[in-house]
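Here's the structure, in structure tokens; my notes come after.
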Amino acid sequence: MKGKSVTLQGVAASPGIGIGEVRVLNFDELRVSDRSVGAAEVGAEVARFEQALTEAARELGEIRACYAEDMGEASALILDAQLLLLSDPVMRESTIKVVRSELRSAAWAFRDVLAGARHHLESSENEYMRDRAADFLDVERRVLHHLLSRSSAGLRDLAGPSVLVAHDLPPSETVLMHPDKVLGFALETGGRTSHSVIVARSRGIPAVVGVHGALREVHDGDMLIVDGNDGVIEVNPDEATLHRYRQKLKDFQEFETRLEQNRDLPAVTLDGRRIQLLANIEVPEEAEGLRRRGAEGVGLFRTEFFYLNHASLPTEEEQYAAYSAVARAMAPDLVVIRTMDVGGDKVTSYMGASPEDNPFQGWRGIRYSLAHEDIFKTQLRAIYRASAHGELCIMIPMVTRIEEIERTRELCAEVRQELVGAGIPCSPDIKLGIMVETPAAVMIADHLAGVSDFFSIGTNDLLQYTLAVDRGNERTSHLYEPLDVAMLRSISRVVEEGHKRGIWISVCGEMSNDPLACVALAGLGVDKISTSPFGLPGIKSILRSISCAEARQWMEQALQLQTAAQVRQLLRAHLTQASEILRWA
Ligand code: PEP
Ligand code: MG
């Protein structure tokens, strides 16, 4: 008998529509009893623990190797945090100490040590940190399975194509997902930067996360629709709903196929103006799926994950491994690495910054870096070393004064000299550019262009500082409008000043996720657009359907209009043919 029909709302995480039979996966925490061991058994218990760590590392190493072969080395980095944890001497020693001194079973001691660290991450205010708790839980389960001699059921055992529902998906299971077996998935937990979401996007698997109560409402064998565009799941849909979604799936597939055909075509307007399309990434693992979406490089590699995701400062080696993996994955194309943009809403305890009244106007971005030159130089060294493996550029955030660029150039020269002196290979000429994301940078764009190799306009911050609208405040979100005339005039000025001095201008804020805004950017003369990889095919299609000369005329008119609504109306009126792209975007 068919189960009851329910619609549940979640967060759209990976686009597409998945329709199929449900397979519920249960990765519950394993029950561990508080068993004590006799003093004579301690040696054997410690040996069992060491053996479990070795087995777990071997298994994970095998999964990593398969995944690296399938998806590339940069993608496989997703599992390195876990391998690192498995070989962490502090975790190992702490567990053994509890076994020896408290005469507890290794399983109990290990769970105790790991759960403490995991709960700390889970209660973090930072979404990225919370998502990383999954690595701890995954390692915990894997080692406990060995210690408790339990077998685990997971994605390996999927019989046929299914739609998955779970509380969460451990990263090491996530990498086993293939679109031919997994038609889509819905998770109760998960954020936009969780591993499962990153893998789903790079493999084109529709996903909805944050679906509260999914496991209560959905059971094995139910029929399920996962709508990764609108963030909805339909459990046991009626015939009319099923019919509607089948049609939506067909439309989406046809749309994707048409976009795919554009993949290897350049983003050239009808009158021959070429605009380079680049991707924004937040973690190195994302690099591998970019070509599939037609990215011609990485225009913004945010590096905060290193600083926010660590209990201590990231080492040069860790950073070097990540930067060089991305450089290799994208070579010979451009990869713009943005130096640490900590501060603002991205503060970590070990940085020692006491709370500020106005953190977005405080110790943020390049201001923080220049106040901590040792930390900054470690990052610059890692980038310089990685530059031997691809075409890397350095970009500094939150610039308001010319001295910030000049001092960064001096530090770059020092770093390069040190490396060359030590015989370590690095590029002889890494381009140094800046984020233009403050009104000050807009106003002195002429001066800044004289000392920068490129500009990338960070519209997320430029909007909040120009329009005095907190980018995270829901009450004023209606004022957060990228097509506001004040913004368009700022962008126009930056492009003009940059071009006068012969440097290229990119836009890397969320504004470029909106195809309509991309037409505006083309009309304003930007050279590159960097955005979320998922929007790239749609943006390319729309750019290929317009004449840049026409867009320039539209924007000349737009710069004289008074409201963003008028600007949108003007652009829409000219873009009737592109309505399909605007619908899916
Ligand atoms: C921006 O400000 O537009 C930007 C791209 O940087 P972030 O969102 O990381 O501040
Ligand atoms: Mg910014």
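Ligands are numbered from 1 in the order shown, residues from 1 within each chain, and chains are lettered A, B, ... in the order they appear in the structure tokens.
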
Around ligand 1, which protein and nucleic acid residues have at least one atom no more than 6 Å from it, if we count only C-alpha atoms and all ligand atoms? List them as a VMD selection string. chain A and resid 437 458 to 461 508 to 509

Would you pick out the contacts of stretch 273-284 of chain A at 8 Å or less, using only C-alpha atoms, so that residues sharing its chain but fewer than 5 positions from it are not included, and give the list as a PyMOL selection string? chain A and resi 74-75+77+266-268+290+294-305+322-323+325-326+508+522+526-533+536+540+548

Once you count only C-alpha atoms and all ligand atoms, which residues end up within 12 Å of ligand 2, and could you hand them over as an MDAnalysis selection string? chainID A and resid 300:302 304 338:346 360 364:366 395:399 434:438 456:465 471 507:510

Contacts of A:Glu260 within 12 Å, only C-alpha atoms, excl. fewer than 3 positions in-chain, as a list in words: Phe252, Gln253, Glu254, Phe255, Glu256, Thr257, Arg263, Asp264, Leu265, Arg291, Arg292, Arg293, Gly294, Ala295, Phe534, Leu536, Pro537, Gly538, Lys540 and Ser541 of chain A

Output for the residues just chosen: C-alpha atoms as a PDB file, in the first residue's frame:
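Here's the written file selection.pdb:
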```
ATOM      1  CA  PHE A 252      15.707  20.422 -16.699  1.00  0.00           C
ATOM      2  CA  GLN A 253      17.584  17.627 -18.474  1.00  0.00           C
ATOM      3  CA  GLU A 254      16.974  19.222 -21.853  1.00  0.00           C
ATOM      4  CA  PHE A 255      18.074  22.569 -20.503  1.00  0.00           C
ATOM      5  CA  GLU A 256      21.245  21.008 -19.030  1.00  0.00           C
ATOM      6  CA  THR A 257      21.997  19.217 -22.306  1.00  0.00           C
ATOM      7  CA  ARG A 263      30.618  23.849 -22.277  1.00  0.00           C
ATOM      8  CA  ASP A 264      33.656  24.082 -24.482  1.00  0.00           C
ATOM      9  CA  LEU A 265      32.544  27.214 -26.263  1.00  0.00           C
ATOM     10  CA  ARG A 291      35.642  21.991 -16.041  1.00  0.00           C
ATOM     11  CA  ARG A 292      32.349  20.120 -16.365  1.00  0.00           C
ATOM     12  CA  ARG A 293      30.602  23.429 -15.775  1.00  0.00           C
ATOM     13  CA  GLY A 294      32.797  25.201 -18.312  1.00  0.00           C
ATOM     14  CA  ALA A 295      34.956  27.177 -15.861  1.00  0.00           C
ATOM     15  CA  PHE A 534      26.646  26.020 -11.001  1.00  0.00           C
ATOM     16  CA  LEU A 536      28.340  29.322 -15.160  1.00  0.00           C
ATOM     17  CA  PRO A 537      26.561  27.483 -18.016  1.00  0.00           C
ATOM     18  CA  GLY A 538      23.506  29.747 -17.758  1.00  0.00           C
ATOM     19  CA  LYS A 540      27.604  31.692 -20.673  1.00  0.00           C
ATOM     20  CA  SER A 541      24.402  31.090 -22.644  1.00  0.00           C
TER      21      SER A 541
END
```

Looking at only C-alpha atoms, which of A:Gly16, A:Pro428, A:Pro359, A:Gly204 is the one that sits closest to A:Val226? A:Gly16

Among the residues of stretch 107-333 of chain A, find those DSSP assigns to strand (DSSP E or B) from the backbone and print them as number ranges by chain. A: 162-166, 182-187, 207-209, 223-227, 232-235, 268, 274, 276-281, 297-302

re atom CA of A:Pro515 and atom CA of A:Asp230: distance 17.8 Å

A:His146, A:Arg501, A:Arg132, A:Lys248 ranked by distance to A:Asn229, top pick (using only C-alpha atoms): A:Lys248

Exercise: stretch 556-562 of chain A partners within 7 Å, only C-alpha atoms, chain neighbours under 3 positions left out, as a PyMOL selection string: chain A and resi 485+488-489+552-553+566-567

Residues of the last selection are to be written out with N, CA, C and O atoms, as an mmCIF file, in the first residue's frame.
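Below you can see selection_10.cif, which holds the result:
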```cif
data_model
loop_
_atom_site.group_PDB
_atom_site.id
_atom_site.type_symbol
_atom_site.label_atom_id
_atom_site.label_comp_id
_atom_site.auth_asym_id
_atom_site.auth_seq_id
_atom_site.Cartn_x
_atom_site.Cartn_y
_atom_site.Cartn_z
ATOM 1 N N VAL A 485 21.747 51.882 -8.492
ATOM 2 C CA VAL A 485 22.521 52.771 -9.366
ATOM 3 C C VAL A 485 23.855 53.174 -8.714
ATOM 4 O O VAL A 485 24.874 53.320 -9.403
ATOM 5 N N LEU A 488 26.175 50.418 -9.623
ATOM 6 C CA LEU A 488 26.535 50.410 -11.048
ATOM 7 C C LEU A 488 27.537 51.528 -11.343
ATOM 8 O O LEU A 488 28.494 51.340 -12.090
ATOM 9 N N ARG A 489 27.319 52.677 -10.719
ATOM 10 C CA ARG A 489 28.269 53.774 -10.946
ATOM 11 C C ARG A 489 29.636 53.438 -10.359
ATOM 12 O O ARG A 489 30.671 53.781 -10.943
ATOM 13 N N ARG A 552 26.258 47.761 -23.709
ATOM 14 C CA ARG A 552 26.920 48.981 -23.279
ATOM 15 C C ARG A 552 25.948 50.169 -23.356
ATOM 16 O O ARG A 552 25.864 50.973 -22.443
ATOM 17 N N GLN A 553 25.165 50.184 -24.459
ATOM 18 C CA GLN A 553 24.175 51.280 -24.582
ATOM 19 C C GLN A 553 23.129 51.197 -23.469
ATOM 20 O O GLN A 553 22.764 52.204 -22.867
ATOM 21 N N GLN A 566 14.004 50.247 -12.011
ATOM 22 C CA GLN A 566 14.012 50.739 -13.396
ATOM 23 C C GLN A 566 15.109 50.041 -14.208
ATOM 24 O O GLN A 566 14.921 49.717 -15.370
ATOM 25 N N VAL A 567 16.249 49.792 -13.552
ATOM 26 C CA VAL A 567 17.352 49.121 -14.253
ATOM 27 C C VAL A 567 16.925 47.702 -14.641
ATOM 28 O O VAL A 567 17.107 47.256 -15.780
#
```

Can you pull out the residues contacting A:Ser324? Cut-off 10 Å, using only C-alpha atoms, and skip same-chain residues under 5 positions away; I want them as a PDB file with N, CA and C atoms, in the first residue's frame.
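To be explicit, this is the file written out as part_20.pdb:
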```pdb
ATOM      1  N   ALA A  74      42.735  16.570  -6.431  1.00  0.00           N
ATOM      2  CA  ALA A  74      42.189  17.679  -5.632  1.00  0.00           C
ATOM      3  C   ALA A  74      40.909  17.248  -4.918  1.00  0.00           C
ATOM      4  N   PRO A 284      39.535  23.167  -1.532  1.00  0.00           N
ATOM      5  CA  PRO A 284      40.261  22.674  -2.702  1.00  0.00           C
ATOM      6  C   PRO A 284      39.522  21.571  -3.454  1.00  0.00           C
ATOM      7  N   GLN A 319      49.001  24.114   3.635  1.00  0.00           N
ATOM      8  CA  GLN A 319      48.519  25.081   2.653  1.00  0.00           C
ATOM      9  C   GLN A 319      49.124  24.791   1.282  1.00  0.00           C
ATOM     10  N   ALA A 329      45.172  20.978 -10.777  1.00  0.00           N
ATOM     11  CA  ALA A 329      43.867  20.599 -11.347  1.00  0.00           C
ATOM     12  C   ALA A 329      43.446  21.581 -12.439  1.00  0.00           C
ATOM     13  N   MET A 330      43.813  22.850 -12.306  1.00  0.00           N
ATOM     14  CA  MET A 330      43.343  23.852 -13.258  1.00  0.00           C
ATOM     15  C   MET A 330      44.379  24.206 -14.327  1.00  0.00           C
ATOM     16  N   ALA A 382      53.553  29.498   1.053  1.00  0.00           N
ATOM     17  CA  ALA A 382      52.844  28.322   0.514  1.00  0.00           C
ATOM     18  C   ALA A 382      52.348  28.618  -0.904  1.00  0.00           C
ATOM     19  N   ILE A 383      51.851  29.824  -1.120  1.00  0.00           N
ATOM     20  CA  ILE A 383      51.346  30.168  -2.462  1.00  0.00           C
ATOM     21  C   ILE A 383      52.513  30.229  -3.456  1.00  0.00           C
ATOM     22  N   TYR A 384      53.611  30.858  -3.044  1.00  0.00           N
ATOM     23  CA  TYR A 384      54.768  30.938  -3.955  1.00  0.00           C
ATOM     24  C   TYR A 384      55.275  29.547  -4.325  1.00  0.00           C
ATOM     25  N   ARG A 385      55.345  28.660  -3.328  1.00  0.00           N
ATOM     26  CA  ARG A 385      55.819  27.292  -3.644  1.00  0.00           C
ATOM     27  C   ARG A 385      54.857  26.600  -4.605  1.00  0.00           C
ATOM     28  N   ALA A 386      53.545  26.800  -4.348  1.00  0.00           N
ATOM     29  CA  ALA A 386      52.550  26.138  -5.218  1.00  0.00           C
ATOM     30  C   ALA A 386      52.563  26.721  -6.626  1.00  0.00           C
ATOM     31  N   SER A 387      53.102  27.937  -6.766  1.00  0.00           N
ATOM     32  CA  SER A 387      53.091  28.576  -8.090  1.00  0.00           C
ATOM     33  C   SER A 387      53.965  27.815  -9.089  1.00  0.00           C
ATOM     34  N   ALA A 388      54.786  26.900  -8.586  1.00  0.00           N
ATOM     35  CA  ALA A 388      55.592  26.081  -9.496  1.00  0.00           C
ATOM     36  C   ALA A 388      54.713  25.074 -10.244  1.00  0.00           C
ATOM     37  N   HIS A 389      53.462  24.898  -9.797  1.00  0.00           N
ATOM     38  CA  HIS A 389      52.615  23.846 -10.379  1.00  0.00           C
ATOM     39  C   HIS A 389      51.489  24.375 -11.255  1.00  0.00           C
ATOM     40  N   GLY A 390      51.399  25.690 -11.416  1.00  0.00           N
ATOM     41  CA  GLY A 390      50.303  26.215 -12.241  1.00  0.00           C
ATOM     42  C   GLY A 390      50.358  27.730 -12.287  1.00  0.00           C
ATOM     43  N   LEU A 392      49.252  30.712 -10.787  1.00  0.00           N
ATOM     44  CA  LEU A 392      48.615  31.297  -9.604  1.00  0.00           C
ATOM     45  C   LEU A 392      48.754  32.812  -9.561  1.00  0.00           C
TER      46      LEU A 392
END
```
